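Below is the file coords.pdb, which contains PDB, C-alpha atoms, pLDDT in the B column.
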```
ATOM      1  CA  MET A   1       0.000   0.000   0.000  1.00 84.00           C
ATOM      2  CA  ALA A   2       1.299   3.468  -0.897  1.00 88.00           C
ATOM      3  CA  PHE A   3       1.206   6.243   1.708  1.00 92.00           C
ATOM      4  CA  TYR A   4       1.226   9.994   1.051  1.00 89.00           C
ATOM      5  CA  ASP A   5       1.864  13.084   3.184  1.00 89.00           C
ATOM      6  CA  LEU A   6       0.206  16.138   1.653  1.00 83.00           C
ATOM      7  CA  ASP A   7       1.177  18.900   4.065  1.00 80.00           C
ATOM      8  CA  VAL A   8       4.943  19.100   4.542  1.00 81.00           C
ATOM      9  CA  ARG A   9       5.973  22.679   5.256  1.00 80.00           C
ATOM     10  CA  PHE A  10       9.750  22.581   4.962  1.00 84.00           C
ATOM     11  CA  PRO A  11      12.180  21.356   2.295  1.00 84.00           C
ATOM     12  CA  VAL A  12      12.735  17.638   2.758  1.00 87.00           C
ATOM     13  CA  LYS A  13      14.390  15.027   0.564  1.00 87.00           C
ATOM     14  CA  ARG A  14      12.507  12.168  -1.030  1.00 87.00           C
ATOM     15  CA  GLU A  15      14.941   9.705   0.536  1.00 89.00           C
ATOM     16  CA  ALA A  16      13.988  10.887   4.031  1.00 87.00           C
ATOM     17  CA  MET A  17      10.282  10.497   3.296  1.00 90.00           C
ATOM     18  CA  ALA A  18      10.830   7.076   1.718  1.00 90.00           C
ATOM     19  CA  GLY A  19      12.770   6.068   4.832  1.00 91.00           C
ATOM     20  CA  LEU A  20       9.691   6.865   6.911  1.00 91.00           C
ATOM     21  CA  GLY A  21       7.514   4.742   4.616  1.00 92.00           C
ATOM     22  CA  PHE A  22       5.899   7.341   2.319  1.00 91.00           C
ATOM     23  CA  SER A  23       5.606   6.796  -1.421  1.00 89.00           C
ATOM     24  CA  ASP A  24       5.217  10.508  -2.149  1.00 86.00           C
ATOM     25  CA  PHE A  25       4.636  13.843  -0.439  1.00 86.00           C
ATOM     26  CA  ARG A  26       3.692  17.420  -1.318  1.00 80.00           C
ATOM     27  CA  MET A  27       4.836  20.717   0.090  1.00 78.00           C
ATOM     28  CA  PHE A  28       2.031  23.264   0.233  1.00 64.00           C
ATOM     29  CA  SER A  29       3.858  26.085   1.992  1.00 55.00           C
ATOM     30  CA  GLY A  30       3.033  29.205  -0.012  1.00 52.00           C
ATOM     31  CA  SER A  31       0.855  27.254  -2.439  1.00 57.00           C
ATOM     32  CA  HIS A  32      -2.685  28.066  -3.512  1.00 60.00           C
ATOM     33  CA  ALA A  33      -3.638  24.387  -3.449  1.00 84.00           C
ATOM     34  CA  LEU A  34      -4.086  24.568   0.352  1.00 86.00           C
ATOM     35  CA  ALA A  35      -6.579  27.115   1.680  1.00 87.00           C
ATOM     36  CA  GLU A  36      -5.940  27.796   5.357  1.00 89.00           C
ATOM     37  CA  SER A  37      -8.142  30.054   7.464  1.00 88.00           C
ATOM     38  CA  GLN A  38      -9.983  30.300  10.762  1.00 89.00           C
ATOM     39  CA  SER A  39     -12.974  31.839   9.000  1.00 89.00           C
ATOM     40  CA  VAL A  40     -15.776  29.553   7.874  1.00 90.00           C
ATOM     41  CA  ASP A  41     -16.821  32.068   5.202  1.00 91.00           C
ATOM     42  CA  ALA A  42     -13.307  32.288   3.733  1.00 91.00           C
ATOM     43  CA  LEU A  43     -13.048  28.503   3.548  1.00 91.00           C
ATOM     44  CA  ARG A  44     -16.513  28.259   2.023  1.00 92.00           C
ATOM     45  CA  GLN A  45     -15.390  30.618  -0.758  1.00 92.00           C
ATOM     46  CA  ALA A  46     -12.188  28.600  -1.190  1.00 90.00           C
ATOM     47  CA  ALA A  47     -14.222  25.389  -1.380  1.00 89.00           C
ATOM     48  CA  LYS A  48     -16.316  26.847  -4.184  1.00 90.00           C
ATOM     49  CA  GLY A  49     -13.259  28.209  -6.011  1.00 88.00           C
ATOM     50  CA  ARG A  50     -10.994  26.314  -8.367  1.00 85.00           C
ATOM     51  CA  LYS A  51      -7.546  27.029  -6.912  1.00 86.00           C
ATOM     52  CA  ALA A  52      -7.748  25.295  -3.547  1.00 87.00           C
ATOM     53  CA  LYS A  53      -7.871  21.509  -3.447  1.00 88.00           C
ATOM     54  CA  LEU A  54      -7.372  21.128   0.293  1.00 91.00           C
ATOM     55  CA  LEU A  55      -8.941  23.033   3.179  1.00 92.00           C
ATOM     56  CA  LEU A  56      -7.449  23.617   6.600  1.00 91.00           C
ATOM     57  CA  MET A  57      -9.464  25.250   9.350  1.00 90.00           C
ATOM     58  CA  SER A  58      -6.897  25.810  12.061  1.00 88.00           C
ATOM     59  CA  SER A  59      -9.622  26.292  14.691  1.00 91.00           C
ATOM     60  CA  PHE A  60     -11.384  23.066  13.566  1.00 93.00           C
ATOM     61  CA  GLN A  61     -14.760  24.737  14.018  1.00 90.00           C
ATOM     62  CA  ALA A  62     -17.477  22.347  12.870  1.00 89.00           C
ATOM     63  CA  ASP A  63     -19.760  23.786  10.194  1.00 91.00           C
ATOM     64  CA  VAL A  64     -22.114  21.445   8.363  1.00 94.00           C
ATOM     65  CA  GLY A  65     -22.633  23.884   5.484  1.00 93.00           C
ATOM     66  CA  LEU A  66     -18.890  24.090   4.858  1.00 93.00           C
ATOM     67  CA  LEU A  67     -18.591  20.294   4.949  1.00 94.00           C
ATOM     68  CA  ARG A  68     -21.413  19.915   2.435  1.00 94.00           C
ATOM     69  CA  ASP A  69     -19.884  22.545   0.128  1.00 93.00           C
ATOM     70  CA  ALA A  70     -16.490  20.819   0.323  1.00 93.00           C
ATOM     71  CA  LYS A  71     -18.055  17.444  -0.451  1.00 94.00           C
ATOM     72  CA  GLN A  72     -20.017  18.848  -3.382  1.00 94.00           C
ATOM     73  CA  GLU A  73     -16.914  20.528  -4.843  1.00 93.00           C
ATOM     74  CA  GLY A  74     -14.651  17.514  -4.219  1.00 92.00           C
ATOM     75  CA  LYS A  75     -12.336  19.247  -1.723  1.00 92.00           C
ATOM     76  CA  ALA A  76     -10.709  17.598   1.294  1.00 93.00           C
ATOM     77  CA  PHE A  77     -10.057  18.738   4.840  1.00 94.00           C
ATOM     78  CA  VAL A  78      -6.503  18.433   6.122  1.00 93.00           C
ATOM     79  CA  PHE A  79      -5.832  17.381   9.704  1.00 95.00           C
ATOM     80  CA  PRO A  80      -2.181  18.268  10.469  1.00 93.00           C
ATOM     81  CA  ILE A  81      -0.859  16.189  13.336  1.00 93.00           C
ATOM     82  CA  SER A  82       1.943  18.675  14.040  1.00 93.00           C
ATOM     83  CA  MET A  83      -0.644  21.041  15.532  1.00 93.00           C
ATOM     84  CA  LEU A  84      -1.171  18.462  18.283  1.00 93.00           C
ATOM     85  CA  LEU A  85       2.575  18.227  18.840  1.00 91.00           C
ATOM     86  CA  ARG A  86       2.915  21.981  19.280  1.00 93.00           C
ATOM     87  CA  ALA A  87      -0.038  22.282  21.695  1.00 94.00           C
ATOM     88  CA  ASN A  88       0.465  21.750  25.423  1.00 93.00           C
ATOM     89  CA  GLY A  89      -1.677  20.560  28.308  1.00 93.00           C
ATOM     90  CA  ILE A  90      -5.337  21.476  28.230  1.00 96.00           C
ATOM     91  CA  GLU A  91      -4.982  23.153  24.833  1.00 95.00           C
ATOM     92  CA  ARG A  92      -3.912  19.822  23.314  1.00 95.00           C
ATOM     93  CA  GLY A  93      -6.983  18.119  24.776  1.00 95.00           C
ATOM     94  CA  LYS A  94      -9.282  20.835  23.417  1.00 96.00           C
ATOM     95  CA  LEU A  95      -7.657  20.651  20.012  1.00 96.00           C
ATOM     96  CA  MET A  96      -7.988  16.854  19.922  1.00 96.00           C
ATOM     97  CA  SER A  97     -11.642  17.154  20.840  1.00 97.00           C
ATOM     98  CA  ARG A  98     -12.348  19.682  18.054  1.00 96.00           C
ATOM     99  CA  MET A  99     -10.382  17.624  15.525  1.00 96.00           C
ATOM    100  CA  ALA A 100     -12.223  14.446  16.529  1.00 97.00           C
ATOM    101  CA  TYR A 101     -15.617  16.122  16.218  1.00 97.00           C
ATOM    102  CA  LEU A 102     -14.824  17.582  12.790  1.00 96.00           C
ATOM    103  CA  LEU A 103     -13.503  14.191  11.637  1.00 96.00           C
ATOM    104  CA  LYS A 104     -16.688  12.533  12.894  1.00 97.00           C
ATOM    105  CA  LEU A 105     -18.773  14.995  10.860  1.00 96.00           C
ATOM    106  CA  CYS A 106     -16.597  14.401   7.780  1.00 96.00           C
ATOM    107  CA  VAL A 107     -17.246  10.668   8.077  1.00 96.00           C
ATOM    108  CA  GLN A 108     -20.981  11.131   8.657  1.00 96.00           C
ATOM    109  CA  LEU A 109     -21.439  13.552   5.755  1.00 95.00           C
ATOM    110  CA  GLY A 110     -19.051  11.796   3.381  1.00 95.00           C
ATOM    111  CA  ALA A 111     -16.593  14.689   3.061  1.00 94.00           C
ATOM    112  CA  HIS A 112     -12.995  13.878   2.140  1.00 95.00           C
ATOM    113  CA  TYR A 113     -10.337  14.157   4.855  1.00 96.00           C
ATOM    114  CA  VAL A 114      -6.581  13.671   4.918  1.00 94.00           C
ATOM    115  CA  LEU A 115      -4.306  12.993   7.868  1.00 95.00           C
ATOM    116  CA  ALA A 116      -1.017  14.795   7.305  1.00 92.00           C
ATOM    117  CA  SER A 117       2.076  15.645   9.281  1.00 91.00           C
ATOM    118  CA  GLY A 118       1.993  19.412   8.704  1.00 89.00           C
ATOM    119  CA  ALA A 119       5.647  19.230   9.699  1.00 89.00           C
ATOM    120  CA  ARG A 120       7.633  22.447   9.908  1.00 89.00           C
ATOM    121  CA  ASN A 121      10.870  20.603  10.662  1.00 89.00           C
ATOM    122  CA  GLU A 122      12.266  17.080  10.563  1.00 88.00           C
ATOM    123  CA  TYR A 123      11.309  16.414  14.189  1.00 88.00           C
ATOM    124  CA  GLU A 124       7.605  16.831  13.433  1.00 89.00           C
ATOM    125  CA  LEU A 125       7.604  14.270  10.623  1.00 91.00           C
ATOM    126  CA  LYS A 126       5.690  11.138  11.525  1.00 91.00           C
ATOM    127  CA  SER A 127       5.663   7.741   9.868  1.00 93.00           C
ATOM    128  CA  PRO A 128       2.479   6.390   8.255  1.00 95.00           C
ATOM    129  CA  GLU A 129       1.957   4.045  11.215  1.00 95.00           C
ATOM    130  CA  GLU A 130       2.168   6.960  13.661  1.00 95.00           C
ATOM    131  CA  LEU A 131      -0.380   8.912  11.595  1.00 95.00           C
ATOM    132  CA  VAL A 132      -2.712   5.915  11.628  1.00 96.00           C
ATOM    133  CA  VAL A 133      -2.433   5.529  15.411  1.00 96.00           C
ATOM    134  CA  ILE A 134      -3.127   9.232  15.942  1.00 96.00           C
ATOM    135  CA  GLY A 135      -6.103   8.945  13.562  1.00 96.00           C
ATOM    136  CA  GLU A 136      -7.421   6.103  15.699  1.00 97.00           C
ATOM    137  CA  ALA A 137      -6.983   8.273  18.798  1.00 96.00           C
ATOM    138  CA  LEU A 138      -9.104  10.902  17.026  1.00 96.00           C
ATOM    139  CA  GLY A 139     -11.943   8.395  16.574  1.00 96.00           C
ATOM    140  CA  LEU A 140     -11.257   6.872  13.163  1.00 96.00           C
ATOM    141  CA  SER A 141     -11.183   3.140  12.621  1.00 97.00           C
ATOM    142  CA  ARG A 142      -7.871   1.690  11.426  1.00 97.00           C
ATOM    143  CA  ASP A 143      -9.263   1.310   7.897  1.00 97.00           C
ATOM    144  CA  GLN A 144     -10.507   4.911   7.837  1.00 97.00           C
ATOM    145  CA  ALA A 145      -7.132   6.190   9.031  1.00 96.00           C
ATOM    146  CA  LEU A 146      -5.290   4.103   6.432  1.00 96.00           C
ATOM    147  CA  TRP A 147      -7.655   5.420   3.744  1.00 96.00           C
ATOM    148  CA  ALA A 148      -6.921   9.012   4.879  1.00 95.00           C
ATOM    149  CA  ILE A 149      -3.186   8.612   4.196  1.00 95.00           C
ATOM    150  CA  SER A 150      -3.294   6.280   1.206  1.00 94.00           C
ATOM    151  CA  GLU A 151      -6.374   6.539  -1.038  1.00 92.00           C
ATOM    152  CA  THR A 152      -7.775  10.019  -0.380  1.00 91.00           C
ATOM    153  CA  PRO A 153      -4.446  11.809  -1.047  1.00 89.00           C
ATOM    154  CA  LYS A 154      -4.247  10.189  -4.488  1.00 88.00           C
ATOM    155  CA  LEU A 155      -7.184  12.367  -5.522  1.00 85.00           C
ATOM    156  CA  PHE A 156      -5.197  15.525  -4.753  1.00 78.00           C
ATOM    157  CA  LEU A 157      -1.699  14.691  -6.016  1.00 74.00           C
TER     158      LEU A 157
END
```
In C-alpha cells, what does this structure look like?
Amino acid sequence: MAFYDLDVRFPVKREAMAGLGFSDFRMFSGSHALAESQSVDALRQAAKGRKAKLLLMSSFQADVGLLRDAKQEGKAFVFPISMLLRANGIERGKLMSRMAYLLKLCVQLGAHYVLASGARNEYELKSPEELVVIGEALGLSRDQALWAISETPKLFL
C-alpha cells in the first residue's frame, strides 16, 4: 500500500520520506492548493473556487454547510498532526476534541479528509503508522485512518 503526506511545510528530501515509509509527499507552503483560514466564510469561498484543493481550518470549528460545500466541490479537509505536537496541556486536549468532532462529521457527511504531518521541521515528521495511530486516537477506525493517508491523497496529487 502506498502512503502519502500532503502537508509538509519545509524542504525535505525524497529519501527521508521514503525512509519513513511514504511513497510521495507534497509541500504546500506558499501554495494556492491549500486554503488555510480560521474563518468559515473564507473557507466556504475557497471550497467553491478552483484554486484550492485542500482546506485547513486551524480552529477546527465544525460547520455542516462548509462540509457539504467541500463534499459537493470535491475538496478535502486536512488534519495536520503537528498542531497536536505543538499544543500543550489542556490546549492539546481541546484541540484533539475539536479535531475528533470535525472528523466525525466528515465521516458522517461523506466529506474527504486527509491525515497529514503538517511538519515544519524534521522532528515533526511522523511515519504512516504513527499517523494511523493518531487517527485512531481521534476516533477513526484503522481502515478509515489508512484510507486518509493512502487513497484520499491520491485524488489531490
Reference answer for the PyMOL selection byres ((chain A and resi 69) around 10), as a list in words | Leu43, Arg44, Gln45, Ala46, Ala47, Lys48, Val64, Gly65, Leu66, Leu67, Arg68, Ala70, Lys71, Gln72, Glu73, Gly74, Lys75 and Ala111 of chain A
Run the PyMOL selection byres ((chain A and resi 34-38) around 7) on the file and write out the hits as JSON, numbers by chain.
-> {"A": [28, 31, 32, 33, 39, 40, 42, 43, 46, 52, 53, 54, 55, 56, 57, 58, 59]}
Between CA of Phe156 in chain A and CA of Tyr123 in chain A, measure the distance and give it in Å to one decimal.
->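 So the answer is 25.1 Å.
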Evaluate the PyMOL selection byres ((chain A and resi 93-106) around 8) against this structure - the residues, as a compact mmCIF listing (two decimals) with C-alpha atoms, in the frame of the given file, please.
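out-v6.txt written:
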```txt
# COMPACT_ATOMS: atom_id res chain seq x y z
CA SER A 59 -9.62 26.29 14.69
CA PHE A 60 -11.38 23.07 13.57
CA GLN A 61 -14.76 24.74 14.02
CA ALA A 62 -17.48 22.35 12.87
CA VAL A 64 -22.11 21.44 8.36
CA LEU A 67 -18.59 20.29 4.95
CA PHE A 79 -5.83 17.38 9.70
CA LEU A 84 -1.17 18.46 18.28
CA ALA A 87 -0.04 22.28 21.70
CA GLY A 89 -1.68 20.56 28.31
CA ILE A 90 -5.34 21.48 28.23
CA GLU A 91 -4.98 23.15 24.83
CA ARG A 92 -3.91 19.82 23.31
CA VAL A 107 -17.25 10.67 8.08
CA GLN A 108 -20.98 11.13 8.66
CA LEU A 109 -21.44 13.55 5.76
CA GLY A 110 -19.05 11.80 3.38
CA ALA A 111 -16.59 14.69 3.06
CA HIS A 112 -13.00 13.88 2.14
CA TYR A 113 -10.34 14.16 4.86
CA LEU A 138 -9.10 10.90 17.03
CA GLY A 139 -11.94 8.40 16.57
CA LEU A 140 -11.26 6.87 13.16
```
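Counting all atoms listed in the file, the residue from A:Ser141, A:Ser82, A:Ser150, A:Asn88 that sits nearest to Glu124 in chain A is A:Ser82.
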Once 5 Å is added on each side, what are the centre and the three edge lengths, in Å to one decimal, of the axis-aligned box enclosing the listed atoms of range 14-24 of chain A? Present them as AutoDock Vina command-line options.
```
--center_x 10.1 --center_y 8.5 --center_z 2.4 --size_x 19.7 --size_y 17.4 --size_z 19.1
```
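Each of A:Met1, A:Ala145, A:Ala119, A:Val132 was compared to Arg26 in chain A using only C-alpha atoms, and A:Ala119 turns out to be the nearest.
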May I ask for the distance between CA of Phe10 in chain A and CA of Trp147 in chain A, given in Å to one decimal place?
-> 24.5 Å
